[in-house]
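A.B. asks: Just so it is clear, I am handing over model.txt, which has compact mmCIF, N, CA and C atoms.
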# COMPACT_ATOMS: atom_id res chain seq x y z
N LEU A 9 20.61 -40.63 25.05
CA LEU A 9 20.17 -40.36 23.70
C LEU A 9 18.66 -40.54 23.60
N ILE A 10 18.04 -39.73 22.79
CA ILE A 10 16.60 -39.83 22.53
C ILE A 10 16.44 -40.02 21.03
N LEU A 11 15.60 -40.96 20.66
CA LEU A 11 15.43 -41.27 19.24
C LEU A 11 13.95 -41.37 18.93
N VAL A 12 13.54 -40.74 17.83
CA VAL A 12 12.18 -40.87 17.32
C VAL A 12 12.31 -41.32 15.87
N ALA A 13 11.71 -42.47 15.55
CA ALA A 13 11.80 -43.02 14.20
C ALA A 13 10.41 -43.05 13.58
N THR A 14 10.27 -42.44 12.42
CA THR A 14 9.00 -42.46 11.69
C THR A 14 9.28 -42.77 10.22
N GLY A 15 8.23 -43.09 9.52
CA GLY A 15 8.35 -43.31 8.08
C GLY A 15 8.87 -44.68 7.68
N LEU A 16 9.00 -45.59 8.63
CA LEU A 16 9.44 -46.95 8.31
C LEU A 16 8.21 -47.84 8.14
N PRO A 17 8.31 -48.89 7.33
CA PRO A 17 7.12 -49.67 6.96
C PRO A 17 6.49 -50.48 8.10
N SER A 18 7.27 -50.85 9.13
CA SER A 18 6.69 -51.70 10.18
C SER A 18 7.34 -51.39 11.53
N SER A 19 6.70 -51.91 12.59
CA SER A 19 7.26 -51.70 13.92
C SER A 19 8.58 -52.46 14.06
N ARG A 20 8.71 -53.58 13.41
CA ARG A 20 9.96 -54.33 13.44
C ARG A 20 11.09 -53.54 12.78
N ALA A 21 10.81 -52.89 11.65
CA ALA A 21 11.81 -52.06 10.96
C ALA A 21 12.19 -50.87 11.83
N ARG A 22 11.21 -50.25 12.53
CA ARG A 22 11.50 -49.14 13.43
C ARG A 22 12.40 -49.59 14.58
N ALA A 23 12.11 -50.76 15.15
CA ALA A 23 12.91 -51.27 16.27
C ALA A 23 14.34 -51.56 15.82
N ARG A 24 14.49 -52.18 14.66
CA ARG A 24 15.82 -52.52 14.14
C ARG A 24 16.63 -51.25 13.85
N GLU A 25 16.02 -50.28 13.18
CA GLU A 25 16.71 -49.04 12.83
C GLU A 25 17.02 -48.21 14.09
N SER A 26 16.10 -48.20 15.04
CA SER A 26 16.34 -47.48 16.29
C SER A 26 17.51 -48.08 17.05
N GLN A 27 17.56 -49.40 17.13
CA GLN A 27 18.67 -50.06 17.82
C GLN A 27 19.99 -49.76 17.12
N ARG A 28 20.01 -49.80 15.81
CA ARG A 28 21.23 -49.51 15.05
C ARG A 28 21.72 -48.09 15.31
N LEU A 29 20.81 -47.12 15.28
CA LEU A 29 21.19 -45.72 15.50
C LEU A 29 21.65 -45.47 16.94
N LEU A 30 20.97 -46.07 17.91
CA LEU A 30 21.38 -45.89 19.31
C LEU A 30 22.76 -46.50 19.56
N GLU A 31 23.01 -47.67 19.01
CA GLU A 31 24.32 -48.30 19.17
C GLU A 31 25.42 -47.42 18.56
N TYR A 32 25.13 -46.83 17.40
CA TYR A 32 26.09 -45.92 16.76
C TYR A 32 26.37 -44.74 17.68
N GLY A 33 25.32 -44.15 18.24
CA GLY A 33 25.49 -43.00 19.12
C GLY A 33 26.31 -43.32 20.35
N PHE A 34 26.02 -44.43 21.02
CA PHE A 34 26.76 -44.81 22.22
C PHE A 34 28.20 -45.22 21.91
N ARG A 35 28.43 -45.77 20.73
CA ARG A 35 29.76 -46.22 20.35
C ARG A 35 30.67 -45.03 19.96
N ASN A 36 30.11 -44.00 19.34
CA ASN A 36 30.92 -42.94 18.75
C ASN A 36 30.91 -41.61 19.50
N PHE A 37 30.07 -41.45 20.52
CA PHE A 37 29.99 -40.19 21.24
C PHE A 37 30.17 -40.43 22.73
N ASN A 38 30.77 -39.45 23.40
CA ASN A 38 30.94 -39.49 24.85
C ASN A 38 30.69 -38.11 25.42
N THR A 39 30.38 -38.05 26.69
CA THR A 39 30.27 -36.79 27.40
C THR A 39 31.55 -36.61 28.20
N TYR A 40 32.23 -35.49 27.97
CA TYR A 40 33.52 -35.23 28.59
C TYR A 40 33.42 -34.05 29.55
N LYS A 41 33.93 -34.23 30.75
CA LYS A 41 34.03 -33.13 31.71
C LYS A 41 35.38 -32.47 31.44
N LEU A 42 35.36 -31.37 30.68
CA LEU A 42 36.60 -30.74 30.24
C LEU A 42 37.22 -29.85 31.31
N LEU A 43 36.41 -29.05 31.98
CA LEU A 43 36.92 -28.10 32.97
C LEU A 43 36.06 -28.14 34.22
N THR A 44 36.70 -27.95 35.36
CA THR A 44 36.00 -27.94 36.64
C THR A 44 36.15 -26.55 37.27
N LYS A 45 35.08 -26.07 37.89
CA LYS A 45 35.12 -24.76 38.54
C LYS A 45 36.29 -24.69 39.51
N ASN A 46 37.01 -23.59 39.49
CA ASN A 46 38.19 -23.30 40.32
C ASN A 46 39.42 -24.12 39.93
N GLN A 47 39.39 -24.81 38.79
CA GLN A 47 40.55 -25.53 38.29
C GLN A 47 41.60 -24.52 37.83
N VAL A 48 42.84 -24.66 38.28
CA VAL A 48 43.92 -23.76 37.88
C VAL A 48 44.42 -24.20 36.50
N ILE A 49 44.38 -23.27 35.54
CA ILE A 49 44.81 -23.55 34.17
C ILE A 49 46.26 -23.14 33.97
N ASP A 50 46.64 -22.00 34.55
CA ASP A 50 48.00 -21.49 34.40
C ASP A 50 48.23 -20.48 35.52
N GLU A 51 49.45 -19.96 35.60
CA GLU A 51 49.77 -18.87 36.51
C GLU A 51 50.33 -17.73 35.69
N GLY A 52 49.78 -16.53 35.93
CA GLY A 52 50.25 -15.35 35.21
C GLY A 52 51.22 -14.55 36.07
N ASN A 53 52.24 -13.99 35.43
CA ASN A 53 53.18 -13.12 36.14
C ASN A 53 52.51 -11.82 36.50
N VAL A 54 52.77 -11.33 37.71
CA VAL A 54 52.17 -10.09 38.21
C VAL A 54 53.25 -9.01 38.28
N TRP A 55 52.93 -7.85 37.75
CA TRP A 55 53.85 -6.71 37.76
C TRP A 55 53.57 -5.84 38.97
N LEU A 56 54.61 -5.62 39.78
CA LEU A 56 54.55 -4.78 40.98
C LEU A 56 53.52 -5.30 41.99
N GLY A 57 53.47 -6.62 42.13
CA GLY A 57 52.54 -7.24 43.07
C GLY A 57 53.27 -7.82 44.27
N ALA A 58 52.54 -8.00 45.37
CA ALA A 58 53.10 -8.60 46.58
C ALA A 58 53.47 -10.06 46.34
N ALA A 59 52.85 -10.70 45.36
CA ALA A 59 53.21 -12.06 44.93
C ALA A 59 53.61 -12.00 43.47
N ALA A 60 54.50 -12.88 43.06
CA ALA A 60 55.02 -12.85 41.69
C ALA A 60 54.05 -13.43 40.67
N LYS A 61 53.16 -14.32 41.12
CA LYS A 61 52.25 -15.01 40.18
C LYS A 61 50.84 -15.04 40.75
N VAL A 62 49.87 -15.10 39.85
CA VAL A 62 48.46 -15.24 40.22
C VAL A 62 47.90 -16.45 39.47
N PRO A 63 47.17 -17.33 40.18
CA PRO A 63 46.57 -18.47 39.48
C PRO A 63 45.41 -18.02 38.60
N LEU A 64 45.36 -18.54 37.38
CA LEU A 64 44.26 -18.28 36.45
C LEU A 64 43.33 -19.48 36.53
N VAL A 65 42.11 -19.27 37.01
CA VAL A 65 41.20 -20.38 37.27
C VAL A 65 39.94 -20.27 36.43
N VAL A 66 39.29 -21.41 36.25
CA VAL A 66 38.03 -21.50 35.52
C VAL A 66 36.90 -21.06 36.45
N ASP A 67 36.00 -20.27 35.91
CA ASP A 67 34.89 -19.73 36.71
C ASP A 67 33.70 -20.67 36.81
N GLU A 68 33.60 -21.66 35.90
CA GLU A 68 32.45 -22.57 35.90
C GLU A 68 32.83 -23.90 35.28
N ASN A 69 32.05 -24.93 35.55
CA ASN A 69 32.27 -26.25 34.97
C ASN A 69 31.96 -26.21 33.47
N LEU A 70 32.65 -27.05 32.71
CA LEU A 70 32.38 -27.18 31.28
C LEU A 70 32.34 -28.65 30.93
N THR A 71 31.17 -29.13 30.53
CA THR A 71 30.97 -30.51 30.11
C THR A 71 30.38 -30.49 28.70
N LEU A 72 30.95 -31.28 27.79
CA LEU A 72 30.49 -31.31 26.40
C LEU A 72 30.33 -32.75 25.93
N THR A 73 29.35 -32.97 25.06
CA THR A 73 29.20 -34.25 24.38
C THR A 73 29.80 -34.09 22.99
N LEU A 74 30.81 -34.93 22.71
CA LEU A 74 31.55 -34.84 21.46
C LEU A 74 31.77 -36.23 20.87
N SER A 75 31.98 -36.25 19.57
CA SER A 75 32.39 -37.51 18.96
C SER A 75 33.85 -37.76 19.35
N ARG A 76 34.26 -39.00 19.25
CA ARG A 76 35.65 -39.33 19.60
C ARG A 76 36.62 -38.58 18.66
N LEU A 77 36.26 -38.43 17.41
CA LEU A 77 37.09 -37.71 16.45
C LEU A 77 37.21 -36.24 16.83
N GLN A 78 36.08 -35.60 17.17
CA GLN A 78 36.13 -34.20 17.59
C GLN A 78 37.02 -34.03 18.82
N ARG A 79 36.92 -34.95 19.76
CA ARG A 79 37.72 -34.87 20.99
C ARG A 79 39.20 -35.01 20.68
N SER A 80 39.55 -35.88 19.77
CA SER A 80 40.97 -36.08 19.46
C SER A 80 41.57 -34.90 18.69
N ARG A 81 40.74 -34.16 17.97
CA ARG A 81 41.23 -33.02 17.17
C ARG A 81 41.00 -31.67 17.85
N MET A 82 40.50 -31.68 19.05
CA MET A 82 40.20 -30.44 19.78
C MET A 82 41.51 -29.69 20.08
N LYS A 83 41.47 -28.37 19.95
CA LYS A 83 42.62 -27.51 20.24
C LYS A 83 42.19 -26.48 21.30
N VAL A 84 43.11 -26.17 22.21
CA VAL A 84 42.84 -25.21 23.27
C VAL A 84 43.93 -24.14 23.23
N VAL A 85 43.52 -22.86 23.24
CA VAL A 85 44.46 -21.74 23.19
C VAL A 85 44.19 -20.82 24.37
N LEU A 86 45.25 -20.54 25.14
CA LEU A 86 45.17 -19.62 26.27
C LEU A 86 45.62 -18.25 25.80
N ASN A 87 44.85 -17.20 26.17
CA ASN A 87 45.15 -15.85 25.71
C ASN A 87 45.04 -14.86 26.87
N TYR A 88 46.15 -14.17 27.17
CA TYR A 88 46.13 -13.07 28.12
C TYR A 88 47.38 -12.22 27.95
N GLU A 89 47.30 -10.98 28.41
CA GLU A 89 48.44 -10.09 28.32
C GLU A 89 49.23 -10.18 29.61
N GLU A 90 50.54 -10.29 29.45
CA GLU A 90 51.42 -10.47 30.59
C GLU A 90 52.49 -9.40 30.57
N PRO A 91 52.95 -8.84 31.65
CA PRO A 91 52.55 -9.17 33.02
C PRO A 91 51.22 -8.52 33.38
N ILE A 92 50.58 -9.09 34.37
CA ILE A 92 49.30 -8.59 34.86
C ILE A 92 49.60 -7.53 35.92
N PRO A 93 49.10 -6.30 35.74
CA PRO A 93 49.42 -5.25 36.70
C PRO A 93 48.68 -5.45 38.03
N ALA A 94 49.42 -5.23 39.12
CA ALA A 94 48.81 -5.30 40.46
C ALA A 94 48.09 -3.98 40.71
N PRO A 95 47.09 -3.91 41.54
CA PRO A 95 46.51 -4.99 42.35
C PRO A 95 45.56 -5.87 41.54
N VAL A 96 45.42 -7.11 42.00
CA VAL A 96 44.53 -8.09 41.38
C VAL A 96 43.54 -8.54 42.46
N THR A 97 42.26 -8.59 42.11
CA THR A 97 41.26 -9.08 43.07
C THR A 97 40.75 -10.43 42.63
N VAL A 98 40.43 -11.27 43.62
CA VAL A 98 39.93 -12.61 43.32
C VAL A 98 38.67 -12.49 42.47
N GLY A 99 38.56 -13.31 41.44
CA GLY A 99 37.40 -13.27 40.55
C GLY A 99 37.52 -12.28 39.40
N GLN A 100 38.60 -11.49 39.37
CA GLN A 100 38.80 -10.51 38.30
C GLN A 100 39.11 -11.23 36.99
N PRO A 101 38.38 -10.92 35.90
CA PRO A 101 38.68 -11.57 34.61
C PRO A 101 40.07 -11.15 34.12
N LEU A 102 40.90 -12.14 33.79
CA LEU A 102 42.27 -11.85 33.36
C LEU A 102 42.64 -12.49 32.04
N ALA A 103 41.96 -13.56 31.65
CA ALA A 103 42.36 -14.31 30.47
C ALA A 103 41.15 -15.01 29.86
N THR A 104 41.39 -15.58 28.68
CA THR A 104 40.36 -16.41 28.05
C THR A 104 41.01 -17.70 27.56
N LEU A 105 40.20 -18.72 27.54
CA LEU A 105 40.59 -20.02 27.02
C LEU A 105 39.67 -20.28 25.82
N LYS A 106 40.27 -20.41 24.64
CA LYS A 106 39.47 -20.67 23.43
C LYS A 106 39.59 -22.15 23.10
N ILE A 107 38.43 -22.82 23.03
CA ILE A 107 38.40 -24.25 22.70
C ILE A 107 37.87 -24.37 21.28
N LYS A 108 38.72 -24.93 20.40
CA LYS A 108 38.37 -25.08 18.99
C LYS A 108 38.03 -26.54 18.73
N ILE A 109 36.78 -26.77 18.26
CA ILE A 109 36.30 -28.11 17.98
C ILE A 109 35.78 -28.12 16.55
N SER A 110 36.19 -29.12 15.77
CA SER A 110 35.75 -29.18 14.37
C SER A 110 34.23 -29.29 14.29
N ASN A 111 33.67 -28.58 13.33
CA ASN A 111 32.23 -28.55 13.06
C ASN A 111 31.42 -27.93 14.20
N LYS A 112 32.06 -27.15 15.05
CA LYS A 112 31.36 -26.43 16.11
C LYS A 112 31.94 -25.02 16.20
N GLU A 113 31.12 -24.13 16.73
CA GLU A 113 31.58 -22.78 16.99
C GLU A 113 32.59 -22.80 18.14
N ASP A 114 33.62 -21.94 18.06
CA ASP A 114 34.62 -21.88 19.13
C ASP A 114 33.94 -21.56 20.46
N ILE A 115 34.44 -22.16 21.53
CA ILE A 115 33.92 -21.93 22.87
C ILE A 115 34.95 -21.06 23.60
N ILE A 116 34.49 -19.92 24.12
CA ILE A 116 35.36 -19.01 24.86
C ILE A 116 35.03 -19.14 26.34
N VAL A 117 36.05 -19.51 27.14
CA VAL A 117 35.87 -19.68 28.58
C VAL A 117 36.69 -18.61 29.29
N PRO A 118 36.04 -17.74 30.10
CA PRO A 118 36.82 -16.73 30.83
C PRO A 118 37.60 -17.36 31.97
N LEU A 119 38.81 -16.87 32.19
CA LEU A 119 39.62 -17.28 33.32
C LEU A 119 39.76 -16.09 34.25
N VAL A 120 39.64 -16.34 35.54
CA VAL A 120 39.66 -15.26 36.53
C VAL A 120 40.80 -15.48 37.51
N ALA A 121 41.10 -14.44 38.28
CA ALA A 121 42.15 -14.54 39.30
C ALA A 121 41.69 -15.47 40.41
N GLY A 122 42.56 -16.40 40.79
CA GLY A 122 42.25 -17.35 41.85
C GLY A 122 42.49 -16.80 43.24
N LYS A 123 43.24 -15.70 43.31
CA LYS A 123 43.47 -15.06 44.61
C LYS A 123 43.76 -13.59 44.40
N SER A 124 43.60 -12.82 45.47
CA SER A 124 43.89 -11.39 45.41
C SER A 124 45.37 -11.16 45.66
N ILE A 125 45.92 -10.18 44.96
CA ILE A 125 47.31 -9.80 45.14
C ILE A 125 47.38 -8.29 45.25
N ASP A 126 47.94 -7.83 46.35
CA ASP A 126 48.09 -6.40 46.59
C ASP A 126 49.27 -5.84 45.81
N GLU A 127 49.23 -4.52 45.63
CA GLU A 127 50.33 -3.82 44.99
C GLU A 127 51.43 -3.62 46.03
N ILE A 128 52.70 -3.66 45.58
CA ILE A 128 53.79 -3.46 46.53
C ILE A 128 53.91 -2.00 46.93
N SER A 129 54.61 -1.75 48.03
CA SER A 129 54.75 -0.39 48.57
C SER A 129 55.67 0.45 47.69
N GLY A 130 55.81 1.72 48.06
CA GLY A 130 56.64 2.66 47.32
C GLY A 130 58.09 2.23 47.22
N LEU A 131 58.70 1.75 48.33
CA LEU A 131 60.08 1.29 48.29
C LEU A 131 60.22 0.04 47.43
N GLY A 132 59.23 -0.82 47.48
CA GLY A 132 59.23 -2.01 46.63
C GLY A 132 59.18 -1.66 45.16
N LYS A 133 58.43 -0.61 44.82
CA LYS A 133 58.36 -0.18 43.42
C LYS A 133 59.70 0.35 42.95
N ILE A 134 60.39 1.10 43.83
CA ILE A 134 61.71 1.63 43.46
C ILE A 134 62.68 0.47 43.24
N SER A 135 62.63 -0.50 44.13
CA SER A 135 63.49 -1.68 44.00
C SER A 135 63.18 -2.44 42.72
N ALA A 136 61.90 -2.63 42.41
CA ALA A 136 61.50 -3.34 41.19
C ALA A 136 61.96 -2.58 39.95
N ALA A 137 61.85 -1.26 39.96
CA ALA A 137 62.29 -0.45 38.82
C ALA A 137 63.80 -0.57 38.63
N PHE A 138 64.55 -0.58 39.72
CA PHE A 138 66.00 -0.71 39.66
C PHE A 138 66.39 -2.07 39.07
N ILE A 139 65.74 -3.13 39.55
CA ILE A 139 66.02 -4.48 39.04
C ILE A 139 65.66 -4.57 37.56
N TYR A 140 64.56 -3.93 37.18
CA TYR A 140 64.14 -3.93 35.78
C TYR A 140 65.18 -3.23 34.91
N LEU A 141 65.73 -2.09 35.41
CA LEU A 141 66.74 -1.37 34.65
C LEU A 141 68.01 -2.18 34.49
N LEU A 142 68.38 -2.95 35.53
CA LEU A 142 69.60 -3.75 35.47
C LEU A 142 69.45 -5.01 34.61
N PHE A 143 68.35 -5.73 34.81
CA PHE A 143 68.20 -7.05 34.20
C PHE A 143 67.12 -7.16 33.13
N GLY A 144 66.30 -6.14 32.98
CA GLY A 144 65.24 -6.18 31.99
C GLY A 144 64.05 -7.02 32.44
N SER A 145 63.17 -7.33 31.51
CA SER A 145 61.94 -8.06 31.85
C SER A 145 62.20 -9.52 32.23
N ALA A 146 63.40 -10.04 31.94
CA ALA A 146 63.72 -11.43 32.28
C ALA A 146 63.77 -11.64 33.79
N ALA A 147 63.97 -10.57 34.57
CA ALA A 147 64.04 -10.69 36.03
C ALA A 147 62.67 -10.90 36.65
N PHE A 148 61.63 -10.67 35.87
CA PHE A 148 60.27 -10.78 36.44
C PHE A 148 59.61 -11.99 35.91
Could you quickly redo this structure as structure tokens?
C.D. replies:
Amino acid sequence: LILVATGLPSSRARARESQRLLEYGFRNFNTYKLLTKNQVIDEGNVWLGAAAKVPLVVDENLTLTLSRLQRSRMKVVLNYEEPIPAPVTVGQPLATLKIKISNKEDIIVPLVAGKSIDEISGLGKISAAFIYLLFGSAAF
């Protein structure tokens, strides 16, 4: 924390007020490491892919200084369309993470594919279509 105090009648008053404000700041605010680069947030279902799921990972670190109250009331919403069509390449943007904090603008964090997934072959597509016709989207 950095504090500049002016307009007080004496150096003793400045010292006392500065100490009071700094103690308030250290007592009520913390720096939180919310997300780490390459942290897996979720796995998305892949349509017609060689793998059934793709990890959705954070592209960069996210550290915020928040009051304890803001941290306790923070809400996080994951948004993406599923299933994700194959092929998928590593680093491809697939989803967003919206972090809602009171008295702050929403923070939008992009989530990317954690690994590449190839599209299945022609026979695999026929098999997948047949399974879809029999069991519907619940099979995937």
A.B. asks: Using DSSP secondary structure from the backbone, list all helix (DSSP H, G or I) positions within chain A, as an NGL selection string.
C.D. replies: :A and (19-36 or 76-81 or 130-147)
A.B. asks: With distances taken over only C-alpha atoms, which residue among A:Arg79, A:Lys133, A:Arg20, A:Lys61 lies nearest Lys41 in chain A?
C.D. replies: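 Nearest to Lys41 in chain A: A:Arg79.
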A.B. asks: Tell me, in Å to one decimal, how far atom C of Ala58 in chain A is from CA of Gly132 in chain A.
C.D. replies: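 Result for atom C of Ala58 in chain A versus CA of Gly132 in chain A: 9.9 Å, one decimal.
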A.B. asks: Select, from A:Val96, A:Gly52, A:Phe37, A:Ala59, the residue with the minimum atom-to-atom distance to Leu74 in chain A, counting only N, CA and C atoms.
C.D. replies: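 Between A:Val96, A:Gly52, A:Phe37, A:Ala59, the residue approaching Leu74 in chain A most closely is A:Phe37.
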A.B. asks: Using all atoms listed in the file for the distances, tell me which of A:Ala121, A:Leu16, A:Ala23, A:Leu70 is nearest to Tyr40 in chain A.
C.D. replies: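 Counting all atoms listed in the file, the residue closest to Tyr40 in chain A is A:Leu70.
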A.B. asks: Determine the axis-aligned bounding box of all atoms of range 59-76 of chain A present in the file, pad each side by 4 Å, and express its centre and edge lengths in Å to one decimal place as AutoDock Vina command-line options.
C.D. replies:
--center_x 42.1 --center_y -25.0 --center_z 32.0 --size_x 33.8 --size_y 36.6 --size_z 34.7
A.B. asks: Might you pull out every residue within 7 Å of Lys45 in chain A, with all atoms listed in the file counted and same-chain residues fewer than 2 positions away left off, and present them as a VMD selection string?
C.D. replies: chain A and resid 43 47 to 48 65 to 70
A.B. asks: Select, from A:Trp55, A:Leu42, A:Leu11, A:Lys83, the residue with the minimum atom-to-atom distance to Arg28 in chain A, counting only C-alpha atoms.
C.D. replies: A:Leu11
A.B. asks: Looking at A:Ser110, A:Ser124, A:Asn46, A:Thr73, which one is nearest to Val98 in chain A, with distances taken over only N, CA and C atoms?
C.D. replies: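 Of all the options, A:Ser124 lies closest to Val98 in chain A.
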A.B. asks: Quick check for you: according to DSSP on this backbone, which residues of range 78-134 of chain A are classed as strand (DSSP E or B)? Reply as a ChimeraX atom specification.
C.D. replies: /A:83-87,92-93,96,101-108,115-121,125,127
A.B. asks: Rounded to one decimal, what separation in Å do you get between atom C of Asn87 in chain A and atom C of Ile116 in chain A?
C.D. replies: 10.9 Å
A.B. asks: Quick one: distance from CA of Ile10 in chain A to atom C of Met82 in chain A in Å, one decimal?
C.D. replies: 27.0 Å
A.B. asks: Between A:Val117, A:Ile109, A:Leu64, A:Leu29, which one has atoms that come closest to Ser80 in chain A, using only C-alpha atoms?
C.D. replies: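 Smallest distance to Ser80 in chain A is found for A:Ile109.
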A.B. asks: Might you pull out every residue within 6.5 Å of Val84 in chain A, with only N, CA and C atoms counted and same-chain residues fewer than 6 positions away left off, and present them as a PDB file with N, CA and C atoms, keeping the file's coordinate frame?
C.D. replies:
ATOM      1  N   LEU A 105      40.200 -18.720  27.540  1.00  0.00           N
ATOM      2  CA  LEU A 105      40.590 -20.020  27.020  1.00  0.00           C
ATOM      3  C   LEU A 105      39.670 -20.280  25.820  1.00  0.00           C
ATOM      4  N   LYS A 106      40.270 -20.410  24.640  1.00  0.00           N
ATOM      5  CA  LYS A 106      39.470 -20.670  23.430  1.00  0.00           C
ATOM      6  C   LYS A 106      39.590 -22.150  23.100  1.00  0.00           C
ATOM      7  N   ILE A 107      38.430 -22.820  23.030  1.00  0.00           N
ATOM      8  CA  ILE A 107      38.400 -24.250  22.700  1.00  0.00           C
ATOM      9  C   ILE A 107      37.870 -24.370  21.280  1.00  0.00           C
ATOM     10  N   LYS A 108      38.720 -24.930  20.400  1.00  0.00           N
ATOM     11  CA  LYS A 108      38.370 -25.080  18.990  1.00  0.00           C
ATOM     12  C   LYS A 108      38.030 -26.540  18.730  1.00  0.00           C
TER      13      LYS A 108
END
A.B. asks: Show me that you can extract range 49-86 of chain A, keeping C-alpha atoms, and write it as an mmCIF file, in the first residue's frame.
C.D. replies:
data_model
loop_
_atom_site.group_PDB
_atom_site.id
_atom_site.type_symbol
_atom_site.label_atom_id
_atom_site.label_comp_id
_atom_site.auth_asym_id
_atom_site.auth_seq_id
_atom_site.Cartn_x
_atom_site.Cartn_y
_atom_site.Cartn_z
ATOM 1 C CA ILE A 49 -11.248 -25.192 -15.430
ATOM 2 C CA ASP A 50 -13.526 -27.771 -17.058
ATOM 3 C CA GLU A 51 -13.683 -30.356 -19.838
ATOM 4 C CA GLY A 52 -15.877 -29.801 -22.866
ATOM 5 C CA ASN A 53 -17.519 -32.591 -24.847
ATOM 6 C CA VAL A 54 -16.140 -32.932 -28.385
ATOM 7 C CA TRP A 55 -18.372 -33.845 -31.322
ATOM 8 C CA LEU A 56 -16.860 -36.299 -33.833
ATOM 9 C CA GLY A 57 -13.430 -36.090 -32.214
ATOM 10 C CA ALA A 58 -10.755 -38.729 -31.636
ATOM 11 C CA ALA A 59 -11.157 -37.947 -27.908
ATOM 12 C CA ALA A 60 -14.488 -37.426 -26.156
ATOM 13 C CA LYS A 61 -13.406 -34.408 -24.088
ATOM 14 C CA VAL A 62 -11.048 -31.445 -24.364
ATOM 15 C CA PRO A 63 -9.627 -29.627 -21.323
ATOM 16 C CA LEU A 64 -10.583 -25.943 -21.109
ATOM 17 C CA VAL A 65 -7.574 -24.116 -19.671
ATOM 18 C CA VAL A 66 -6.708 -20.579 -18.602
ATOM 19 C CA ASP A 67 -4.392 -18.760 -20.993
ATOM 20 C CA GLU A 68 -2.796 -16.449 -18.382
ATOM 21 C CA ASN A 69 -2.424 -15.881 -14.637
ATOM 22 C CA LEU A 70 -5.033 -13.751 -12.878
ATOM 23 C CA THR A 71 -4.207 -12.053 -9.579
ATOM 24 C CA LEU A 72 -6.514 -9.443 -8.004
ATOM 25 C CA THR A 73 -6.499 -7.302 -4.876
ATOM 26 C CA LEU A 74 -9.962 -7.398 -3.328
ATOM 27 C CA SER A 75 -11.658 -6.643 -0.059
ATOM 28 C CA ARG A 76 -12.650 -9.681 1.966
ATOM 29 C CA LEU A 77 -16.313 -8.834 1.324
ATOM 30 C CA GLN A 78 -15.800 -8.624 -2.451
ATOM 31 C CA ARG A 79 -14.000 -11.991 -2.385
ATOM 32 C CA SER A 80 -16.791 -13.668 -0.438
ATOM 33 C CA ARG A 81 -19.476 -12.349 -2.828
ATOM 34 C CA MET A 82 -17.570 -13.030 -6.049
ATOM 35 C CA LYS A 83 -19.432 -15.101 -8.675
ATOM 36 C CA VAL A 84 -17.884 -17.039 -11.562
ATOM 37 C CA VAL A 85 -19.824 -18.122 -14.676
ATOM 38 C CA LEU A 86 -18.475 -20.489 -17.338
#
